[in-house]
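A.B. asks: Just so it is clear, I am handing over protein_38.txt, which has compact mmCIF, C-alpha atoms.
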```txt
# COMPACT_ATOMS: atom_id res chain seq x y z
CA MET A 1 -21.62 -59.80 18.80
CA GLU A 2 -18.60 -60.01 16.49
CA ASN A 3 -20.48 -58.08 13.80
CA GLU A 4 -21.22 -55.31 16.33
CA LYS A 5 -17.54 -55.10 17.31
CA LYS A 6 -16.50 -55.03 13.65
CA SER A 7 -19.05 -52.29 12.88
CA SER A 8 -17.85 -50.28 15.89
CA SER A 9 -14.22 -50.61 14.78
CA VAL A 10 -15.11 -49.44 11.27
CA SER A 11 -16.95 -46.43 12.75
CA ASP A 12 -13.95 -45.61 14.95
CA VAL A 13 -11.56 -45.71 11.99
CA GLY A 14 -13.99 -43.63 9.93
CA ALA A 15 -14.21 -40.96 12.63
CA TRP A 16 -10.43 -40.71 12.94
CA ALA A 17 -9.97 -40.71 9.15
CA MET A 18 -12.50 -37.90 8.74
CA ASN A 19 -10.79 -35.86 11.45
CA VAL A 20 -7.28 -36.33 10.05
CA ILE A 21 -8.26 -35.70 6.41
CA SER A 22 -10.46 -32.67 7.15
CA SER A 23 -7.93 -31.17 9.59
CA VAL A 24 -4.99 -31.56 7.22
CA GLY A 25 -7.08 -30.22 4.33
CA LEU A 26 -8.16 -27.26 6.47
CA ILE A 27 -4.56 -26.46 7.41
CA MET A 28 -3.47 -26.60 3.76
CA ALA A 29 -6.40 -24.43 2.61
CA ASN A 30 -5.75 -21.87 5.37
CA LYS A 31 -2.05 -21.82 4.52
CA GLN A 32 -2.89 -20.80 0.96
CA LEU A 33 -5.54 -18.34 2.15
CA MET A 34 -3.52 -16.64 4.90
CA SER A 35 0.08 -16.72 3.69
CA ALA A 36 1.70 -13.69 2.09
CA HIS A 37 2.36 -15.77 -1.03
CA GLY A 38 -1.32 -16.71 -1.18
CA TYR A 39 -4.26 -14.37 -0.53
CA ALA A 40 -2.89 -12.67 2.62
CA PHE A 41 -6.16 -13.08 4.57
CA SER A 42 -4.63 -12.48 8.01
CA PHE A 43 -7.84 -12.63 10.07
CA ALA A 44 -7.63 -16.01 11.81
CA THR A 45 -10.10 -15.34 14.64
CA THR A 46 -12.76 -13.92 12.33
CA LEU A 47 -12.23 -16.84 9.95
CA THR A 48 -12.94 -19.20 12.87
CA GLY A 49 -16.15 -17.23 13.43
CA PHE A 50 -17.07 -17.93 9.78
CA HIS A 51 -16.34 -21.62 10.39
CA PHE A 52 -18.75 -21.83 13.33
CA THR A 53 -21.38 -19.77 11.50
CA VAL A 54 -21.47 -22.31 8.66
CA THR A 55 -21.41 -25.17 11.20
CA ALA A 56 -24.36 -23.60 13.06
CA LEU A 57 -26.30 -23.24 9.77
CA VAL A 58 -25.65 -26.90 8.92
CA GLY A 59 -26.93 -27.89 12.37
CA LEU A 60 -30.01 -25.69 11.96
CA VAL A 61 -30.85 -27.27 8.59
CA SER A 62 -30.23 -30.74 10.02
CA ASN A 63 -32.65 -30.13 12.91
CA ALA A 64 -35.26 -28.57 10.61
CA THR A 65 -35.19 -31.54 8.20
CA GLY A 66 -35.37 -34.08 11.02
CA TYR A 67 -31.95 -35.55 10.31
CA SER A 68 -30.93 -34.83 13.91
CA VAL A 69 -32.95 -34.31 17.07
CA SER A 70 -32.44 -31.25 19.24
CA LYS A 71 -32.02 -32.10 22.93
CA HIS A 72 -32.15 -29.70 25.85
CA VAL A 73 -28.87 -28.42 27.26
CA PRO A 74 -29.01 -25.51 29.75
CA ALA A 75 -28.05 -22.20 28.19
CA TRP A 76 -25.59 -21.42 30.98
CA GLU A 77 -23.65 -24.64 30.18
CA LEU A 78 -23.49 -23.71 26.49
CA LEU A 79 -22.41 -20.16 27.34
CA TRP A 80 -19.71 -21.40 29.73
CA PHE A 81 -18.45 -23.87 27.14
CA SER A 82 -18.35 -21.17 24.45
CA VAL A 83 -16.32 -18.85 26.69
CA VAL A 84 -13.77 -21.60 27.35
CA ALA A 85 -13.62 -22.56 23.65
CA ASN A 86 -13.17 -18.93 22.53
CA MET A 87 -10.44 -18.41 25.15
CA SER A 88 -8.73 -21.42 23.58
CA ILE A 89 -8.90 -19.97 20.06
CA THR A 90 -7.85 -16.46 21.07
CA GLY A 91 -5.11 -17.75 23.40
CA MET A 92 -3.62 -19.92 20.65
CA ASN A 93 -3.56 -17.02 18.19
CA LEU A 94 -1.95 -14.69 20.75
CA SER A 95 0.55 -17.37 21.77
CA LEU A 96 1.63 -17.83 18.15
CA MET A 97 2.03 -14.07 17.73
CA LEU A 98 3.94 -13.38 20.96
CA ASN A 99 6.13 -16.52 21.15
CA SER A 100 8.50 -18.25 18.78
CA VAL A 101 7.15 -21.13 16.68
CA GLY A 102 9.25 -23.52 18.78
CA PHE A 103 7.65 -22.49 22.07
CA TYR A 104 4.22 -22.51 20.42
CA GLN A 105 4.78 -26.16 19.45
CA ILE A 106 5.97 -26.99 22.98
CA SER A 107 2.80 -25.44 24.43
CA LYS A 108 0.67 -27.56 22.07
CA LEU A 109 2.57 -30.70 23.11
CA SER A 110 2.02 -29.87 26.78
CA MET A 111 -1.72 -30.33 26.25
CA ILE A 112 -1.33 -34.12 26.40
CA PRO A 113 -0.02 -34.28 30.00
CA VAL A 114 -2.31 -31.38 31.01
CA VAL A 115 -5.37 -33.28 29.73
CA CYS A 116 -4.19 -36.38 31.61
CA VAL A 117 -3.86 -34.41 34.87
CA MET A 118 -7.26 -32.72 34.36
CA GLU A 119 -8.93 -36.08 33.69
CA TRP A 120 -7.40 -37.38 36.92
CA VAL A 121 -8.45 -34.31 38.97
CA LEU A 122 -11.95 -33.86 37.51
CA HIS A 123 -12.97 -37.46 36.82
CA ASN A 124 -10.57 -39.50 38.98
CA LYS A 125 -9.33 -41.25 35.84
CA HIS A 126 -6.16 -43.32 36.15
CA PHE A 127 -3.77 -44.32 33.38
CA SER A 128 -1.71 -47.48 33.07
CA LYS A 129 2.09 -47.48 32.90
CA GLU A 130 1.92 -48.45 29.20
CA VAL A 131 -0.29 -45.47 28.37
CA LYS A 132 2.05 -43.09 30.21
CA VAL A 133 5.08 -44.49 28.32
CA ALA A 134 3.24 -44.09 25.00
CA VAL A 135 2.36 -40.47 25.82
CA VAL A 136 6.01 -39.68 26.60
CA VAL A 137 7.16 -41.30 23.33
CA VAL A 138 4.63 -39.30 21.28
CA VAL A 139 5.56 -36.01 23.00
CA ILE A 140 9.29 -36.61 22.41
CA GLY A 141 8.72 -37.67 18.78
CA VAL A 142 6.55 -34.69 17.84
CA GLY A 143 8.88 -32.40 19.77
CA VAL A 144 11.92 -33.63 17.83
CA CYS A 145 10.28 -33.07 14.44
CA THR A 146 8.58 -29.71 15.14
CA VAL A 147 10.45 -27.74 17.82
CA THR A 148 13.28 -25.56 16.54
CA ASP A 149 14.00 -22.16 18.09
CA VAL A 150 12.50 -21.57 21.54
CA LYS A 151 11.96 -17.99 22.64
CA VAL A 152 9.46 -16.89 25.25
CA ASN A 153 8.42 -13.76 27.13
CA ALA A 154 6.10 -13.08 30.05
CA LYS A 155 3.05 -12.08 27.97
CA GLY A 156 3.57 -14.95 25.57
CA PHE A 157 3.91 -17.45 28.42
CA ILE A 158 0.66 -16.26 30.04
CA CYS A 159 -1.21 -16.49 26.71
CA ALA A 160 0.22 -19.97 26.09
CA ALA A 161 -0.80 -21.12 29.58
CA VAL A 162 -4.35 -19.80 29.13
CA ALA A 163 -4.56 -21.45 25.69
CA VAL A 164 -3.35 -24.84 26.96
CA LEU A 165 -5.63 -24.88 30.02
CA SER A 166 -8.73 -23.68 28.14
CA THR A 167 -8.17 -26.05 25.18
CA SER A 168 -7.69 -29.02 27.51
CA LEU A 169 -10.79 -28.11 29.53
CA GLN A 170 -12.83 -27.61 26.36
CA GLN A 171 -11.94 -31.03 24.99
CA ILE A 172 -12.72 -32.75 28.29
CA SER A 173 -16.02 -30.85 28.49
CA ILE A 174 -17.12 -32.14 25.07
CA GLY A 175 -17.09 -35.71 26.35
CA SER A 176 -18.57 -34.74 29.74
CA LEU A 177 -21.53 -32.86 28.22
CA GLN A 178 -22.30 -35.72 25.84
CA LYS A 179 -22.46 -38.18 28.74
CA LYS A 180 -24.25 -35.83 31.13
CA TYR A 181 -27.13 -35.01 28.77
CA SER A 182 -27.06 -38.21 26.65
CA ILE A 183 -26.58 -36.11 23.56
CA GLY A 184 -24.83 -37.07 20.31
CA SER A 185 -21.70 -35.37 19.03
CA PHE A 186 -23.42 -33.57 16.14
CA GLU A 187 -26.37 -32.50 18.33
CA LEU A 188 -23.98 -31.00 20.90
CA LEU A 189 -22.02 -29.20 18.19
CA SER A 190 -25.29 -27.80 16.82
CA LYS A 191 -26.00 -26.38 20.28
CA THR A 192 -22.57 -24.83 20.93
CA ALA A 193 -21.77 -23.55 17.42
CA PRO A 194 -24.25 -20.60 17.41
CA PHE A 195 -22.82 -19.25 20.71
CA GLN A 196 -19.25 -19.48 19.40
CA ALA A 197 -20.17 -18.06 15.99
CA LEU A 198 -21.90 -14.99 17.42
CA SER A 199 -19.14 -14.15 19.89
CA LEU A 200 -16.30 -14.71 17.39
CA ILE A 201 -17.97 -12.71 14.62
CA VAL A 202 -18.44 -9.78 17.04
CA LEU A 203 -15.07 -9.91 18.83
CA GLY A 204 -12.94 -11.56 16.13
CA PRO A 205 -12.24 -8.45 14.01
CA PHE A 206 -10.92 -6.56 17.07
CA VAL A 207 -8.71 -9.48 18.12
CA ASP A 208 -7.38 -9.75 14.55
CA TYR A 209 -6.72 -6.01 14.44
CA TYR A 210 -4.65 -6.34 17.61
CA LEU A 211 -2.76 -9.29 16.15
CA SER A 212 -2.13 -8.02 12.62
CA GLY A 213 -2.79 -4.28 12.71
CA LYS A 214 -5.30 -4.72 9.85
CA PHE A 215 -9.08 -4.41 9.86
CA ILE A 216 -11.09 -6.99 7.94
CA LEU A 217 -13.45 -4.42 6.36
CA LYS A 218 -10.47 -2.98 4.47
CA TYR A 219 -9.52 -6.34 2.97
CA GLN A 220 -9.94 -6.50 -0.82
CA ALA A 221 -11.42 -9.95 -1.40
CA SER A 222 -10.75 -11.55 -4.78
CA LEU A 223 -12.70 -14.44 -6.31
CA GLY A 224 -9.89 -16.82 -5.38
CA ALA A 225 -9.87 -15.65 -1.76
CA THR A 226 -13.66 -16.01 -1.55
CA LEU A 227 -13.50 -19.56 -2.92
CA PHE A 228 -10.79 -20.51 -0.42
CA ILE A 229 -12.83 -19.03 2.45
CA LEU A 230 -15.79 -21.18 1.37
CA LEU A 231 -13.50 -24.22 1.10
CA SER A 232 -12.08 -23.50 4.54
CA CYS A 233 -15.58 -23.21 6.04
CA SER A 234 -16.69 -26.46 4.40
CA LEU A 235 -13.67 -28.39 5.68
CA ALA A 236 -14.15 -26.82 9.13
CA VAL A 237 -17.65 -28.33 9.37
CA PHE A 238 -16.21 -31.84 8.88
CA CYS A 239 -13.32 -31.02 11.21
CA ASN A 240 -15.64 -29.80 13.99
CA VAL A 241 -18.07 -32.72 13.63
CA SER A 242 -15.25 -35.29 13.63
CA GLN A 243 -13.60 -33.67 16.68
CA TYR A 244 -16.78 -33.96 18.75
CA LEU A 245 -17.34 -37.47 17.36
CA CYS A 246 -13.82 -38.67 18.23
CA ILE A 247 -13.83 -37.23 21.75
CA GLY A 248 -17.31 -38.67 22.37
CA ARG A 249 -16.27 -42.15 21.17
CA PHE A 250 -12.83 -42.18 22.78
CA SER A 251 -11.48 -39.53 25.18
CA ALA A 252 -9.77 -36.16 25.20
CA VAL A 253 -6.42 -37.87 25.88
CA SER A 254 -6.80 -40.21 22.90
CA PHE A 255 -7.80 -37.25 20.72
CA GLN A 256 -4.65 -35.39 21.74
CA VAL A 257 -2.27 -38.35 21.33
CA LEU A 258 -3.58 -39.76 18.06
CA GLY A 259 -4.35 -36.27 16.81
CA HIS A 260 -0.63 -35.68 16.33
CA MET A 261 -0.89 -37.90 13.26
CA LYS A 262 -2.14 -34.67 11.68
CA THR A 263 1.21 -33.04 12.49
CA VAL A 264 3.03 -35.86 10.70
CA CYS A 265 0.70 -35.55 7.69
CA VAL A 266 1.10 -31.75 7.54
CA LEU A 267 4.90 -32.01 7.59
CA THR A 268 4.86 -34.66 4.87
CA LEU A 269 2.40 -32.78 2.64
CA GLY A 270 4.33 -29.53 3.20
CA TRP A 271 7.41 -31.29 1.84
CA LEU A 272 5.49 -32.75 -1.12
CA LEU A 273 3.35 -29.73 -2.07
CA PHE A 274 5.13 -26.63 -0.78
CA ASP A 275 8.80 -27.62 -1.05
CA SER A 276 9.22 -27.41 2.73
CA GLN A 277 12.51 -28.78 4.03
CA LEU A 278 12.33 -32.26 5.55
CA THR A 279 15.50 -33.17 7.45
CA PHE A 280 16.69 -36.46 8.94
CA LYS A 281 15.75 -35.04 12.35
CA ASN A 282 12.16 -34.47 11.14
CA ILE A 283 11.93 -38.00 9.76
CA MET A 284 13.26 -39.59 12.96
CA GLY A 285 10.88 -37.49 15.06
CA MET A 286 7.89 -38.48 12.91
CA ALA A 287 8.86 -42.16 13.11
CA LEU A 288 9.13 -41.93 16.90
CA ALA A 289 5.77 -40.15 17.12
CA VAL A 290 4.06 -42.82 14.99
CA LEU A 291 5.66 -45.53 17.15
CA GLY A 292 4.27 -43.81 20.25
CA MET A 293 0.79 -43.71 18.69
CA VAL A 294 0.97 -47.44 17.92
CA ILE A 295 2.05 -48.17 21.51
CA TYR A 296 -0.75 -45.95 22.83
CA SER A 297 -3.40 -47.70 20.71
CA TRP A 298 -2.15 -51.08 21.93
CA ALA A 299 -2.07 -49.93 25.57
CA VAL A 300 -5.62 -48.56 25.42
CA GLU A 301 -6.86 -51.81 23.87
CA VAL A 302 -5.16 -53.83 26.63
CA ASP A 303 -6.81 -51.60 29.26
CA LYS A 304 -10.23 -52.12 27.62
CA GLN A 305 -9.79 -55.91 27.61
CA SER A 306 -8.68 -55.88 31.25
CA ALA A 307 -11.68 -53.76 32.24
CA ALA A 308 -14.06 -56.01 30.30
CA LYS A 309 -12.59 -59.10 31.96
CA ALA A 310 -12.91 -57.54 35.42
CA ASN A 311 -16.55 -56.59 34.76
CA HIS A 312 -17.30 -60.14 33.55
CA GLN A 313 -15.79 -61.65 36.69
CA ALA A 314 -17.69 -59.18 38.88
CA LYS A 315 -20.99 -60.13 37.24
CA ASN A 316 -20.35 -63.85 37.68
CA SER A 317 -19.21 -63.60 41.31
CA LEU A 318 -21.45 -63.29 44.37
CA THR A 319 -21.41 -60.10 46.39
CA GLU A 320 -20.62 -60.19 50.11
CA GLU A 321 -24.28 -59.56 50.93
CA GLU A 322 -25.40 -62.47 48.74
CA ILE A 323 -22.84 -64.80 50.37
CA ARG A 324 -23.96 -63.73 53.87
CA LEU A 325 -27.64 -64.33 53.06
CA LEU A 326 -26.85 -67.71 51.51
CA LYS A 327 -24.88 -68.80 54.57
CA GLY A 328 -27.74 -67.67 56.80
CA GLU A 329 -30.22 -69.84 54.88
CA LEU A 330 -27.96 -72.90 55.09
CA ASP A 331 -27.44 -72.47 58.84
CA LYS A 332 -31.19 -72.73 59.49
CA ASP A 333 -32.61 -76.05 60.70
CA PRO A 334 -34.14 -77.69 57.60
CA VAL A 335 -36.87 -79.41 59.69
CA THR A 336 -38.09 -76.31 61.49
CA SER A 337 -38.31 -74.41 58.28
CA ILE A 338 -40.88 -76.85 56.88
CA GLU A 339 -44.55 -76.39 57.77
CA LEU A 340 -46.02 -79.77 58.90
CA GLY A 341 -49.61 -80.63 58.04
CA PRO A 342 -52.06 -82.43 60.39
CA THR A 343 -51.07 -86.03 61.31
CA LYS A 344 -53.32 -88.79 60.01
CA VAL A 345 -54.14 -91.68 62.38
```
Show me the file's structure as structure tokens.

C.D. replies:
Amino acid sequence: MENEKKSSSVSDVGAWAMNVISSVGLIMANKQLMSAHGYAFSFATTLTGFHFTVTALVGLVSNATGYSVSKHVPAWELLWFSVVANMSITGMNLSLMLNSVGFYQISKLSMIPVVCVMEWVLHNKHFSKEVKVAVVVVVIGVGVCTVTDVKVNAKGFICAAVAVLSTSLQQISIGSLQKKYSIGSFELLSKTAPFQALSLIVLGPFVDYYLSGKFILKYQASLGATLFILLSCSLAVFCNVSQYLCIGRFSAVSFQVLGHMKTVCVLTLGWLLFDSQLTFKNIMGMALAVLGMVIYSWAVEVDKQSAAKANHQAKNSLTEEEIRLLKGELDKDPVTSIELGPTKV
């Protein structure tokens, strides 16, 4: 039993580590690829389409070689999920374009309470006081170290709201679909990736043209840009797999809260690699965010132990029906309940 718990803990840590490392690496690669000082590839939505195309190909090869087993999921569920996921991607890109960076960060932070509310509404999930405190600490910490100027307009606010709601719903749906169809994280990703890839490859160039005023077919790709696109796609496969894996093993709320470790890593690496400014305010915010994550991890563990203890007590205790039946048997006359044989003279 202890070996199973230890193995599960190692798998949990591995899933989180893969998500953090691949996500931070993806952000750094995209920064070099898309920045004006890098290769100026300003086609974020189409690039995401490339990501899901490579992910879909990896899933196809995995199914063909027998590494993973394809399970049935209704096409309408996959289509609905893809629409929500693509609304999330497009909404985030539009929100970043129309709003200030500060408001964009605030909208991302708002996903944590929004996911909590959605979990409560859709799945009747309740959170302990300790978990709520931890969420507040993380939101404040990340807000302190990332939010600067805050400017918003009507269009930007609508795009941000759509992005937050669709992203939250998408992440909750990942866990729900895995449980509903008893399907693994990679198998589900293999099912959803082709739908997202096709739609983003078709619509992505037009969305990017609206965002940047440039059309991807006119982009002059160099060898360096091509290599960074391939690197970005490779890292995205690990990022996508680990996201589905983490949400399947934990929850959408945990993914949001602990996922802000990536924000801390990006800020630190930006300071180390790109000479980004790191102020005392940033450092204090990061420290507060990490403290909130530690509190959250502790609170979730306490909740798990309490739930396990309650289940153990429930298994070892008699139900009301069992008690009633037992009392009924004891109330019977012990003599009349015994069949007497013929009397010998």

A.B. asks: So how many Å separate atom CA of Gly143 of chain A and atom CA of Ala299 of chain A, to one decimal?

C.D. replies: 21.5 Å

A.B. asks: Interatomic distance between atom CA of Ile21 of chain A and atom CA of Lys132 of chain A?

C.D. replies: 27.0 Å

A.B. asks: I'd like the neighbourhood of segment 35-51 of chain A as a PDB file with C-alpha atoms, in the coordinates of the input, where a residue qualifies if any of its atoms comes within 9 Å (using only C-alpha atoms), though same-chain residues fewer than 4 positions away should be ignored.

C.D. replies:
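Saved the output as around-v5.pdb:
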```pdb
ATOM      1  CA  ASN A  30      -5.750 -21.870   5.370  1.00  0.00           C
ATOM      2  CA  LYS A  31      -2.050 -21.820   4.520  1.00  0.00           C
ATOM      3  CA  THR A  55     -21.410 -25.170  11.200  1.00  0.00           C
ATOM      4  CA  ALA A  56     -24.360 -23.600  13.060  1.00  0.00           C
ATOM      5  CA  ILE A  89      -8.900 -19.970  20.060  1.00  0.00           C
ATOM      6  CA  THR A  90      -7.850 -16.460  21.070  1.00  0.00           C
ATOM      7  CA  ASN A  93      -3.560 -17.020  18.190  1.00  0.00           C
ATOM      8  CA  GLN A 196     -19.250 -19.480  19.400  1.00  0.00           C
ATOM      9  CA  ALA A 197     -20.170 -18.060  15.990  1.00  0.00           C
ATOM     10  CA  LEU A 198     -21.900 -14.990  17.420  1.00  0.00           C
ATOM     11  CA  SER A 199     -19.140 -14.150  19.890  1.00  0.00           C
ATOM     12  CA  LEU A 200     -16.300 -14.710  17.390  1.00  0.00           C
ATOM     13  CA  ILE A 201     -17.970 -12.710  14.620  1.00  0.00           C
ATOM     14  CA  VAL A 202     -18.440  -9.780  17.040  1.00  0.00           C
ATOM     15  CA  LEU A 203     -15.070  -9.910  18.830  1.00  0.00           C
ATOM     16  CA  GLY A 204     -12.940 -11.560  16.130  1.00  0.00           C
ATOM     17  CA  PRO A 205     -12.240  -8.450  14.010  1.00  0.00           C
ATOM     18  CA  PHE A 206     -10.920  -6.560  17.070  1.00  0.00           C
ATOM     19  CA  VAL A 207      -8.710  -9.480  18.120  1.00  0.00           C
ATOM     20  CA  ASP A 208      -7.380  -9.750  14.550  1.00  0.00           C
ATOM     21  CA  TYR A 209      -6.720  -6.010  14.440  1.00  0.00           C
ATOM     22  CA  LEU A 211      -2.760  -9.290  16.150  1.00  0.00           C
ATOM     23  CA  SER A 212      -2.130  -8.020  12.620  1.00  0.00           C
ATOM     24  CA  LYS A 214      -5.300  -4.720   9.850  1.00  0.00           C
ATOM     25  CA  PHE A 215      -9.080  -4.410   9.860  1.00  0.00           C
ATOM     26  CA  ILE A 216     -11.090  -6.990   7.940  1.00  0.00           C
ATOM     27  CA  TYR A 219      -9.520  -6.340   2.970  1.00  0.00           C
ATOM     28  CA  ALA A 221     -11.420  -9.950  -1.400  1.00  0.00           C
ATOM     29  CA  SER A 222     -10.750 -11.550  -4.780  1.00  0.00           C
ATOM     30  CA  GLY A 224      -9.890 -16.820  -5.380  1.00  0.00           C
ATOM     31  CA  ALA A 225      -9.870 -15.650  -1.760  1.00  0.00           C
ATOM     32  CA  PHE A 228     -10.790 -20.510  -0.420  1.00  0.00           C
ATOM     33  CA  ILE A 229     -12.830 -19.030   2.450  1.00  0.00           C
ATOM     34  CA  SER A 232     -12.080 -23.500   4.540  1.00  0.00           C
ATOM     35  CA  CYS A 233     -15.580 -23.210   6.040  1.00  0.00           C
ATOM     36  CA  SER A 234     -16.690 -26.460   4.400  1.00  0.00           C
ATOM     37  CA  LEU A 235     -13.670 -28.390   5.680  1.00  0.00           C
ATOM     38  CA  ALA A 236     -14.150 -26.820   9.130  1.00  0.00           C
ATOM     39  CA  VAL A 237     -17.650 -28.330   9.370  1.00  0.00           C
ATOM     40  CA  ASN A 240     -15.640 -29.800  13.990  1.00  0.00           C
TER      41      ASN A 240
END
```

A.B. asks: Between A:Val253, A:Leu169, A:Cys239, A:Val290, which has the minimum distance to Val131 of chain A (counting only C-alpha atoms)?

C.D. replies: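 Smallest separation from Val131 of chain A among the options: A:Val253.
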
A.B. asks: In Å, how far is it from atom CA of Lys304 of chain A to atom CA of Ser254 of chain A?

C.D. replies: 13.3 Å

A.B. asks: Would you please work out which residue, of A:Val121, A:Val152, A:Ile174, A:Val136, is nearest to Leu291 of chain A when using all atoms listed in the file?

C.D. replies: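 Once distances to Leu291 of chain A are computed over all atoms listed in the file, the minimum belongs to A:Val136.
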
A.B. asks: Pick from A:Cys116, A:Cys145, A:Val133, A:Val266: nearest to Trp298 of chain A, with all atoms listed in the file counted?

C.D. replies: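 Under the stated criterion, the closest residue is A:Val133.
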
A.B. asks: Tell me which of A:Ser110, A:Ser168, A:Asn19, A:Ser190 sits closest to Leu78 of chain A, counting all atoms listed in the file.

C.D. replies: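 Selected residue with least distance to Leu78 of chain A: A:Ser190.
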
A.B. asks: Pull segment 223-240 of chain A out of the block and emit C-alpha atoms, as a compact mmCIF listing (two decimals), in the first residue's frame.

C.D. replies:
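Writing the result to selection.txt gives the following:
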```txt
# COMPACT_ATOMS: atom_id res chain seq x y z
CA LEU A 223 16.07 28.44 -41.24
CA GLY A 224 16.20 29.79 -37.68
CA ALA A 225 12.48 30.59 -37.67
CA THR A 226 11.66 27.11 -39.04
CA LEU A 227 13.76 25.44 -36.34
CA PHE A 228 12.06 27.48 -33.61
CA ILE A 229 8.62 26.60 -35.01
CA LEU A 230 9.57 22.91 -34.83
CA LEU A 231 10.90 23.40 -31.28
CA SER A 232 7.70 25.20 -30.31
CA CYS A 233 5.56 22.37 -31.73
CA SER A 234 7.63 19.72 -29.94
CA LEU A 235 7.36 21.48 -26.58
CA ALA A 236 3.62 22.03 -27.18
CA VAL A 237 3.07 18.25 -27.43
CA PHE A 238 4.56 17.77 -23.94
CA CYS A 239 2.67 20.82 -22.67
CA ASN A 240 -0.68 19.56 -24.00
```
